[in-house]
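File shown here: start.cif, holding mmCIF, C-alpha atoms.
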```
data_coords
#
loop_
_atom_site.label_atom_id
_atom_site.label_comp_id
_atom_site.auth_asym_id
_atom_site.auth_seq_id
_atom_site.Cartn_x
_atom_site.Cartn_y
_atom_site.Cartn_z
CA MET A 9 57.86 59.85 -46.23
CA TYR A 10 56.99 60.38 -42.61
CA THR A 11 59.24 62.05 -40.07
CA LEU A 12 59.00 60.94 -36.46
CA TYR A 13 60.23 63.34 -33.78
CA GLY A 14 61.07 61.36 -30.69
CA TYR A 15 63.43 60.33 -27.94
CA PRO A 16 64.20 56.85 -26.58
CA LYS A 17 62.17 55.57 -23.62
CA THR A 18 59.26 57.92 -24.26
CA ARG A 19 55.88 57.52 -25.95
CA SER A 20 57.57 57.99 -29.35
CA VAL A 21 58.43 54.29 -29.34
CA ARG A 22 54.71 53.63 -29.86
CA VAL A 23 54.77 55.42 -33.19
CA ALA A 24 58.06 53.80 -34.21
CA TRP A 25 56.53 50.42 -33.30
CA ALA A 26 53.42 51.10 -35.43
CA LEU A 27 55.57 52.19 -38.38
CA GLU A 28 57.65 49.01 -38.03
CA GLU A 29 54.55 46.78 -37.80
CA ILE A 30 53.14 48.24 -41.00
CA GLY A 31 56.55 48.26 -42.66
CA LEU A 32 56.65 51.97 -43.51
CA PRO A 33 60.00 53.73 -43.99
CA TYR A 34 60.43 56.88 -41.91
CA GLU A 35 62.96 59.48 -41.00
CA TYR A 36 63.73 59.78 -37.29
CA LYS A 37 64.61 63.09 -35.70
CA LEU A 38 65.96 62.87 -32.19
CA ILE A 39 64.70 65.70 -29.99
CA ASP A 40 67.25 65.71 -27.22
CA LEU A 41 65.11 66.12 -24.11
CA LYS A 42 68.17 66.05 -21.87
CA GLN A 43 69.49 69.16 -23.68
CA GLY A 44 66.07 70.83 -23.55
CA GLN A 45 65.76 70.69 -27.35
CA HIS A 46 61.98 70.25 -27.09
CA LEU A 47 61.82 73.81 -25.73
CA SER A 48 63.79 75.32 -28.64
CA ASP A 49 62.11 77.69 -31.10
CA ASP A 50 62.89 75.30 -33.94
CA TYR A 51 60.96 72.49 -32.28
CA LYS A 52 58.14 74.75 -31.14
CA ALA A 53 57.54 75.54 -34.81
CA VAL A 54 56.90 71.78 -35.24
CA SER A 55 55.10 71.16 -31.93
CA PRO A 56 53.61 74.23 -30.21
CA SER A 57 53.05 72.27 -26.98
CA ALA A 58 56.71 71.07 -26.97
CA LYS A 59 55.51 67.45 -26.72
CA ILE A 60 56.90 64.31 -28.32
CA PRO A 61 56.08 62.26 -30.29
CA VAL A 62 55.10 64.26 -33.32
CA LEU A 63 54.63 62.72 -36.74
CA ALA A 64 55.19 65.05 -39.68
CA THR A 65 53.05 63.95 -42.61
CA PRO A 66 52.67 65.47 -46.09
CA GLU A 67 49.39 67.02 -44.86
CA GLY A 68 50.62 68.46 -41.57
CA THR A 69 51.85 67.37 -38.15
CA LEU A 70 50.09 65.08 -35.70
CA SER A 71 50.56 64.65 -31.97
CA GLU A 72 48.99 62.24 -29.42
CA SER A 73 50.55 58.82 -29.91
CA ALA A 74 47.24 56.92 -29.82
CA ALA A 75 45.82 59.16 -32.56
CA ILE A 76 48.96 58.77 -34.67
CA VAL A 77 49.00 54.96 -34.57
CA THR A 78 45.27 54.85 -35.39
CA TYR A 79 45.88 57.16 -38.36
CA LEU A 80 48.77 55.05 -39.64
CA ALA A 81 46.74 51.85 -39.46
CA GLU A 82 43.78 53.48 -41.17
CA ARG A 83 45.91 54.88 -43.96
CA HIS A 84 48.24 51.96 -44.56
CA GLY A 85 47.08 48.99 -42.56
CA MET A 86 45.15 47.32 -45.36
CA GLN A 87 42.54 45.89 -42.98
CA GLU A 88 45.19 44.78 -40.57
CA PHE A 89 45.86 46.42 -37.23
CA ILE A 90 42.49 48.15 -36.87
CA PRO A 91 38.82 47.12 -37.16
CA GLU A 92 36.68 48.58 -39.97
CA PRO A 93 35.29 52.10 -39.33
CA GLY A 94 31.63 52.03 -38.33
CA SER A 95 31.77 48.44 -37.03
CA PHE A 96 31.02 47.54 -33.43
CA SER A 97 34.54 46.09 -33.22
CA ARG A 98 35.90 49.52 -34.10
CA ALA A 99 33.86 51.03 -31.28
CA LYS A 100 35.38 48.46 -28.89
CA TYR A 101 38.84 49.40 -30.22
CA GLU A 102 38.15 53.09 -29.48
CA GLU A 103 36.77 52.17 -26.05
CA MET A 104 39.97 50.25 -25.32
CA MET A 105 42.20 53.11 -26.56
CA LEU A 106 40.39 55.55 -24.28
CA PHE A 107 40.46 53.20 -21.32
CA LEU A 108 44.19 52.67 -21.85
CA THR A 109 45.12 56.34 -22.22
CA SER A 110 42.77 57.80 -19.62
CA GLU A 111 42.63 55.03 -17.01
CA LEU A 112 45.57 52.62 -17.21
CA GLU A 113 48.24 55.10 -18.31
CA GLN A 114 47.35 58.04 -16.06
CA PRO A 115 48.63 56.52 -12.80
CA VAL A 116 51.92 55.57 -14.50
CA TRP A 117 52.19 59.08 -15.89
CA ASN A 118 51.24 60.61 -12.52
CA LEU A 119 54.03 58.65 -10.88
CA ALA A 120 56.49 60.05 -13.45
CA LYS A 121 55.06 63.55 -13.09
CA HIS A 122 55.46 63.54 -9.33
CA THR A 123 58.94 61.99 -9.57
CA PHE A 124 60.52 64.19 -12.26
CA ALA A 125 58.19 65.47 -14.98
CA LEU A 126 56.42 68.30 -13.13
CA PRO A 127 58.29 71.40 -11.95
CA GLU A 128 59.65 70.67 -8.48
CA SER A 129 57.22 73.09 -6.82
CA GLN A 130 54.26 70.99 -8.06
CA ARG A 131 55.56 67.51 -7.15
CA LEU A 132 54.02 65.61 -4.24
CA GLU A 133 55.80 62.59 -2.86
CA GLU A 134 52.48 61.30 -1.47
CA MET A 135 51.30 60.90 -5.06
CA HIS A 136 53.66 57.93 -5.49
CA GLY A 137 51.50 55.80 -3.20
CA VAL A 138 48.23 57.10 -4.63
CA SER A 139 49.46 56.40 -8.18
CA ALA A 140 50.41 52.83 -7.25
CA TRP A 141 46.96 52.33 -5.70
CA GLU A 142 45.18 53.78 -8.76
CA PHE A 143 47.30 51.67 -11.10
CA GLN A 144 46.25 48.48 -9.29
CA ARG A 145 42.60 49.49 -9.52
CA ALA A 146 42.89 50.14 -13.28
CA LEU A 147 44.89 46.93 -13.74
CA ARG A 148 42.08 44.90 -12.14
CA VAL A 149 39.63 46.34 -14.66
CA PHE A 150 42.09 45.71 -17.50
CA ALA A 151 42.54 42.09 -16.40
CA SER A 152 38.79 41.56 -16.61
CA MET A 153 38.54 43.31 -20.00
CA LEU A 154 41.39 41.20 -21.37
CA GLY A 155 40.13 37.91 -19.94
CA GLY A 156 41.57 35.00 -21.88
CA ASN A 157 41.96 36.92 -25.15
CA GLU A 158 45.20 36.87 -27.04
CA PHE A 159 45.05 40.62 -27.75
CA VAL A 160 43.02 43.51 -26.36
CA CYS A 161 40.53 43.45 -29.24
CA GLY A 162 40.21 39.65 -29.28
CA ASN A 163 42.39 37.50 -31.49
CA MET A 164 43.58 40.27 -33.86
CA PHE A 165 46.68 42.30 -33.06
CA THR A 166 45.71 45.98 -33.33
CA MET A 167 47.24 49.35 -32.64
CA ALA A 168 45.55 49.24 -29.23
CA ASP A 169 48.08 46.50 -28.38
CA VAL A 170 50.91 48.89 -29.22
CA ILE A 171 49.54 51.34 -26.67
CA ALA A 172 48.75 48.68 -24.05
CA GLY A 173 52.12 46.97 -24.52
CA HIS A 174 54.00 50.20 -24.07
CA ILE A 175 52.04 51.20 -20.96
CA LEU A 176 52.80 47.82 -19.38
CA ALA A 177 56.51 48.06 -20.27
CA TRP A 178 56.59 51.57 -18.80
CA ALA A 179 54.79 50.43 -15.64
CA LYS A 180 57.27 47.59 -15.19
CA GLY A 181 60.15 50.01 -15.70
CA SER A 182 58.58 52.20 -13.00
CA LYS A 183 58.55 49.22 -10.60
CA LEU A 184 54.76 49.02 -10.49
CA ALA A 185 53.57 45.49 -9.67
CA ILE A 186 51.67 43.50 -12.33
CA ASP A 187 50.31 40.51 -10.44
CA PHE A 188 47.77 39.23 -12.94
CA GLN A 189 48.80 36.16 -14.88
CA ASN A 190 46.75 37.00 -17.98
CA ILE A 191 48.30 40.47 -18.12
CA SER A 192 51.89 39.20 -17.65
CA ASP A 193 51.35 36.63 -20.38
CA TYR A 194 49.84 39.25 -22.64
CA ALA A 195 52.69 41.73 -22.04
CA GLN A 196 55.20 39.00 -22.85
CA ARG A 197 53.28 38.17 -26.04
CA VAL A 198 53.13 41.69 -27.45
CA LEU A 199 56.51 42.94 -26.22
CA SER A 200 58.30 40.02 -27.87
CA ARG A 201 57.18 41.15 -31.34
CA GLU A 202 60.07 41.90 -33.66
CA ALA A 203 58.61 45.24 -34.71
CA TYR A 204 58.80 46.45 -31.09
CA GLU A 205 62.42 45.45 -30.82
CA ARG A 206 63.28 47.16 -34.11
CA ALA A 207 61.47 50.27 -32.87
CA TRP A 208 63.27 50.72 -29.56
CA ARG A 209 66.65 49.66 -30.92
CA GLY A 210 66.17 52.12 -33.77
CA GLU A 211 65.47 54.95 -31.35
CA MET A 212 68.46 54.06 -29.14
CA SER A 213 70.76 54.10 -32.18
CA HIS A 214 70.11 57.83 -32.58
CA LEU A 215 71.37 58.75 -29.13
CA PRO A 216 74.62 60.72 -29.23
CA ALA A 217 77.65 58.70 -28.11
CA GLN A 218 78.38 59.27 -24.40
CA MET B 29 16.85 51.42 -29.66
CA TYR B 30 19.75 52.46 -27.48
CA THR B 31 19.71 52.48 -23.70
CA LEU B 32 21.85 55.01 -21.89
CA TYR B 33 22.81 54.28 -18.30
CA GLY B 34 23.63 57.54 -16.60
CA TYR B 35 23.20 60.06 -13.82
CA PRO B 36 22.84 63.85 -13.99
CA LYS B 37 26.00 65.98 -13.75
CA THR B 38 28.30 63.18 -14.84
CA ARG B 39 29.94 62.25 -18.15
CA SER B 40 26.69 60.57 -19.24
CA VAL B 41 25.42 63.97 -20.38
CA ARG B 42 27.98 63.74 -23.22
CA VAL B 43 26.26 60.68 -24.63
CA ALA B 44 22.78 62.17 -24.12
CA TRP B 45 24.00 65.31 -25.91
CA ALA B 46 25.35 63.29 -28.86
CA LEU B 47 22.07 61.33 -29.12
CA GLU B 48 20.13 64.62 -29.09
CA GLU B 49 22.37 66.21 -31.74
CA ILE B 50 21.86 63.27 -34.08
CA GLY B 51 18.18 63.03 -33.20
CA LEU B 52 18.19 59.41 -32.06
CA PRO B 53 15.51 58.17 -29.64
CA TYR B 54 16.88 56.39 -26.56
CA GLU B 55 15.81 54.90 -23.31
CA TYR B 56 17.40 56.40 -20.20
CA LYS B 57 18.17 54.34 -17.14
CA LEU B 58 19.10 56.30 -14.06
CA ILE B 59 21.84 54.60 -12.06
CA ASP B 60 21.45 56.24 -8.69
CA LEU B 61 25.03 56.93 -7.66
CA LYS B 62 23.88 58.47 -4.36
CA GLN B 63 22.26 55.15 -3.44
CA GLY B 64 25.33 53.19 -4.62
CA GLN B 65 23.31 51.57 -7.40
CA HIS B 66 26.42 51.47 -9.65
CA LEU B 67 27.88 48.91 -7.23
CA SER B 68 24.87 46.59 -7.37
CA ASP B 69 25.15 43.15 -8.96
CA ASP B 70 22.49 44.09 -11.50
CA TYR B 71 24.55 47.01 -12.75
CA LYS B 72 27.82 45.10 -12.63
CA ALA B 73 26.28 42.67 -15.11
CA VAL B 74 25.95 45.68 -17.46
CA SER B 75 29.21 47.42 -16.55
CA PRO B 76 31.88 45.27 -14.87
CA SER B 77 33.90 48.36 -13.89
CA ALA B 78 30.82 49.99 -12.29
CA LYS B 79 31.34 53.10 -14.43
CA ILE B 80 28.81 55.36 -16.11
CA PRO B 81 27.98 56.17 -18.84
CA VAL B 82 27.31 52.89 -20.58
CA LEU B 83 25.43 52.65 -23.85
CA ALA B 84 23.64 49.37 -24.47
CA THR B 85 23.45 48.70 -28.23
CA PRO B 86 21.96 45.75 -30.13
CA GLU B 87 25.53 44.42 -30.51
CA GLY B 88 26.69 44.82 -26.93
CA THR B 89 27.55 47.49 -24.37
CA LEU B 90 30.03 50.33 -24.76
CA SER B 91 31.76 52.44 -22.15
CA GLU B 92 34.12 55.45 -22.42
CA SER B 93 32.07 58.50 -23.37
CA ALA B 94 34.46 59.71 -26.09
CA ALA B 95 34.34 56.29 -27.78
CA ILE B 96 30.54 56.17 -27.54
CA VAL B 97 29.98 59.58 -29.14
CA THR B 98 32.43 58.73 -31.94
CA TYR B 99 30.58 55.46 -32.57
CA LEU B 100 27.19 57.20 -32.68
CA ALA B 101 28.44 59.80 -35.17
CA GLU B 102 30.04 57.14 -37.35
CA ARG B 103 26.92 54.98 -37.34
CA HIS B 104 24.26 57.65 -37.69
CA GLY B 105 25.91 61.00 -38.34
CA MET B 106 25.52 60.91 -42.11
CA GLN B 107 28.79 62.81 -42.65
CA GLU B 108 27.90 65.30 -39.98
CA PHE B 109 29.58 65.44 -36.59
CA ILE B 110 32.75 63.55 -37.55
CA PRO B 111 35.35 63.77 -40.36
CA GLU B 112 35.62 60.90 -42.88
CA PRO B 113 37.65 57.85 -41.69
CA GLY B 114 41.14 57.79 -43.19
CA SER B 115 41.23 61.56 -43.82
CA PHE B 116 43.80 63.83 -42.23
CA SER B 117 40.90 65.76 -40.67
CA ARG B 118 39.83 62.56 -38.95
CA ALA B 119 43.34 62.16 -37.56
CA LYS B 120 43.13 65.73 -36.19
CA TYR B 121 39.75 64.83 -34.64
CA GLU B 122 41.29 61.81 -32.91
CA GLU B 123 44.26 63.93 -31.81
CA MET B 124 41.84 66.45 -30.30
CA MET B 125 39.79 63.73 -28.55
CA LEU B 126 42.94 62.32 -26.97
CA PHE B 127 44.26 65.73 -25.97
CA LEU B 128 40.89 66.53 -24.39
CA THR B 129 40.51 63.28 -22.46
CA SER B 130 44.13 62.79 -21.42
CA GLU B 131 45.33 66.39 -20.97
CA LEU B 132 42.49 68.86 -20.46
CA GLU B 133 40.13 66.60 -18.53
CA GLN B 134 42.60 64.88 -16.22
CA PRO B 135 43.25 67.88 -13.94
CA VAL B 136 39.48 68.46 -13.60
CA TRP B 137 39.02 64.79 -12.81
CA ASN B 138 41.98 64.80 -10.40
CA LEU B 139 40.42 67.70 -8.54
CA ALA B 140 37.18 65.71 -8.21
CA LYS B 141 39.07 62.55 -7.23
CA HIS B 142 40.96 64.30 -4.46
CA THR B 143 37.80 66.10 -3.28
CA PHE B 144 35.31 63.22 -3.20
CA ALA B 145 35.78 60.51 -5.83
CA LEU B 146 38.71 58.57 -4.34
CA PRO B 147 38.38 56.67 -1.06
CA GLU B 148 39.23 59.08 1.75
CA SER B 149 42.51 57.31 2.53
CA GLN B 150 43.80 58.13 -0.98
CA ARG B 151 42.76 61.79 -1.16
CA LEU B 152 45.39 64.53 -0.95
CA GLU B 153 44.31 68.10 -0.32
CA GLU B 154 47.56 69.33 -1.88
CA MET B 155 46.34 67.90 -5.19
CA HIS B 156 43.75 70.69 -5.42
CA GLY B 157 46.47 73.25 -6.10
CA VAL B 158 48.45 70.95 -8.39
CA SER B 159 45.29 70.19 -10.39
CA ALA B 160 44.51 73.90 -10.80
CA TRP B 161 48.07 74.49 -11.99
CA GLU B 162 47.93 71.57 -14.46
CA PHE B 163 44.54 72.71 -15.74
CA GLN B 164 45.94 76.17 -16.56
CA ARG B 165 48.85 74.61 -18.39
CA ALA B 166 46.53 72.40 -20.48
CA LEU B 167 44.18 75.34 -21.05
CA ARG B 168 47.03 77.40 -22.52
CA VAL B 169 47.73 74.62 -25.02
CA PHE B 170 44.02 74.29 -25.79
CA ALA B 171 43.74 78.06 -26.40
CA SER B 172 46.52 77.84 -28.97
CA MET B 173 45.00 74.74 -30.63
CA LEU B 174 41.59 76.43 -30.82
CA GLY B 175 42.93 79.76 -32.06
CA GLY B 176 40.20 81.69 -33.83
CA ASN B 177 38.27 78.60 -34.96
CA GLU B 178 34.57 78.30 -34.37
CA PHE B 179 34.87 74.65 -33.26
CA VAL B 180 37.75 72.42 -32.21
CA CYS B 181 38.04 70.79 -35.64
CA GLY B 182 37.67 74.07 -37.56
CA ASN B 183 34.30 75.34 -38.75
CA MET B 184 32.42 72.02 -38.41
CA PHE B 185 30.71 71.05 -35.13
CA THR B 186 31.92 67.53 -34.25
CA MET B 187 31.63 65.11 -31.38
CA ALA B 188 34.95 66.48 -30.11
CA ASP B 189 33.01 69.66 -29.28
CA VAL B 190 30.64 67.61 -27.13
CA ILE B 191 33.60 66.39 -25.11
CA ALA B 192 35.35 69.78 -24.98
CA GLY B 193 32.14 71.60 -24.10
CA HIS B 194 31.40 69.24 -21.25
CA ILE B 195 34.93 69.45 -19.85
CA LEU B 196 34.72 73.25 -19.84
CA ALA B 197 31.30 73.22 -18.17
CA TRP B 198 32.63 70.79 -15.57
CA ALA B 199 35.74 72.93 -14.98
CA LYS B 200 33.58 76.03 -14.49
CA GLY B 201 31.37 74.11 -12.07
CA SER B 202 34.54 73.15 -10.18
CA LYS B 203 35.51 76.84 -9.91
CA LEU B 204 38.56 76.48 -12.14
CA ALA B 205 39.43 79.76 -13.86
CA ILE B 206 39.08 80.04 -17.67
CA ASP B 207 40.78 83.32 -18.52
CA PHE B 208 41.15 82.93 -22.27
CA GLN B 209 38.70 84.93 -24.34
CA ASN B 210 38.65 82.49 -27.26
CA ILE B 211 37.88 79.60 -24.90
CA SER B 212 35.12 81.47 -23.04
CA ASP B 213 33.52 82.46 -26.35
CA TYR B 214 33.82 78.89 -27.60
CA ALA B 215 32.29 77.42 -24.42
CA GLN B 216 29.40 79.85 -24.70
CA ARG B 217 28.92 78.85 -28.36
CA VAL B 218 28.78 75.10 -27.83
CA LEU B 219 27.00 75.07 -24.47
CA SER B 220 24.15 77.18 -25.84
CA ARG B 221 23.19 74.47 -28.34
CA GLU B 222 19.65 73.22 -27.89
CA ALA B 223 20.71 69.58 -27.94
CA TYR B 224 22.88 70.16 -24.86
CA GLU B 225 19.99 71.73 -22.99
CA ARG B 226 17.65 68.89 -23.96
CA ALA B 227 20.31 66.41 -22.78
CA TRP B 228 20.87 67.78 -19.29
CA ARG B 229 17.24 68.64 -18.71
CA GLY B 230 16.32 65.11 -19.81
CA GLU B 231 18.74 63.61 -17.32
CA MET B 232 17.52 65.82 -14.48
CA SER B 233 13.91 64.79 -15.16
CA HIS B 234 14.79 61.22 -14.16
CA LEU B 235 15.93 62.17 -10.66
CA PRO B 236 13.61 60.87 -7.96
CA ALA B 237 11.55 63.62 -6.31
CA GLN B 238 13.24 64.90 -3.12
#
```

Once more with this new file: its structure as structure tokens, please.
Amino acid sequence: MYTLYGYPKTRSVRVAWALEEIGLPYEYKLIDLKQGQHLSDDYKAVSPSAKIPVLATPEGTLSESAAIVTYLAERHGMQEFIPEPGSFSRAKYEEMMLFLTSELEQPVWNLAKHTFALPESQRLEEMHGVSAWEFQRALRVFASMLGGNEFVCGNMFTMADVIAGHILAWAKGSKLAIDFQNISDYAQRVLSREAYERAWRGEMSHLPAQ
Amino acid sequence: MYTLYGYPKTRSVRVAWALEEIGLPYEYKLIDLKQGQHLSDDYKAVSPSAKIPVLATPEGTLSESAAIVTYLAERHGMQEFIPEPGSFSRAKYEEMMLFLTSELEQPVWNLAKHTFALPESQRLEEMHGVSAWEFQRALRVFASMLGGNEFVCGNMFTMADVIAGHILAWAKGSKLAIDFQNISDYAQRVLSREAYERAWRGEMSHLPAQ
């Protein structure tokens, strides 16, 4: 049984989504970011860098959401959700994962960093505009990579769609414009999957009552 | 035969290094960034996003250096350079690759972006200090991940060391401080490999005479 350490409206929903797609049962441990629980000694024993999500597996803990979802698909996906290792399609999947995490996500993350996630002394308000500009540049590249495909690796839903879908949902939530029809249609397509809804509802259900 | 599109002192050295480690012959095509050759129509037909490196393979082109080196190891590494797909060690390799490209590299890249790589209107001098601060934070995490290991995935040299080694060389070249003994020793260990020297010397030999 896996244990997912997470918090609603963070990257942990990606892992919950992957678990729901595959149909794996898991225990969910809420790490209450608002109470600073990620900085506690108990959590640091699980995650030395104090990051979420972390997936505890029988063999040890894993961080980095894109690595975790790839691992889950490889272990349990039964040739769904990820192209065969060693194939050219798998290389394109890895290319997409790296583009998504290092190009498309970084401006969204920079916007969050310079709004609330960095210590106040390191935040620059001017980075809001730069982040929006960089996001549009990455989005243009993404639109051309996606083209008329149903999913980011062609016509097969893969774990790269979990990452892309979440980045686009996060960008929308951060009021970043997405003015490419193929991307809006794509976001609609992946974010309407039942497994995504089960994932974020599941996370929300662990929040303490107000 | 592979064709590597690159330019000295860029991320293309990672791919050249991986090719040299495995011992694969390759053709090298210099894309003269100083002459704006990456923006030419000819190159855009190879790389729509105008990025380097690109590896042309018999099945199509690949971008994203970390994806390319993983692909090369999987195709030709003969159980060297990368842990077995589906193993927990492979998941740790992927975790490391993602940490390296999305955490350790981003501050180094941000420093370059806000020094010369972004259009002037988007550059912020204040980002130099923020980048240095973020690099130190990521370096602290990296020092604890590395611990006393010889390589980033334990005692086996993998393609993740190609990426880590290059990021550290780049950081040093950008005058970012690396005050962790285990990281300095590690950088020395991986950057003294013959394949790395062959890679960067090979790239330099393609530069037009001044």

Next item on the list: Starting from chain A, keep only residues with some atom at most 6 Å from an atom of chain B, counting all atoms listed in the file, and report them as a ChimeraX atom specification.
Entry: /A:72,75,79,82-83,94,99,102-103,110,130,138

Note to self: Ranking A:Tyr15, A:Phe124, A:Trp178, A:Phe89 by minimum distance to Pro216 of chain A and counting only C-alpha atoms, which one comes first?
What the structure shows: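 The shortest atom-to-atom distance to Pro216 of chain A comes from A:Tyr15.
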
Next item on the list: Please measure the separation of atom CA of Glu178 of chain B and atom CA of Tyr214 of chain B, giving the value in Å to one decimal.
Entry: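 Between these atoms lies a distance of 6.8 Å.
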
Notebook entry, point to check: Suppose you want the space between atom CA of Gln107 of chain B and atom CA of Ala192 of chain B; what is it in Å?
Noted result: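 One can read the atom CA of Gln107 of chain B to atom CA of Ala192 of chain B distance as 20.1 Å.
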
Next item on the list: Taking the file as shown, find all residues satisfying the PyMOL selection byres ((chain A and resi 16) around 7) and write them as a VMD selection string.
Entry: chain A and resid 14 to 15 17 to 18 21 208 211 to 212

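Checking A:Ala140, A:Ile90, A:Leu184, A:Ala207 one by one against Cys161 of chain A, counting all atoms listed in the file, you find the shortest gap at A:Ile90.
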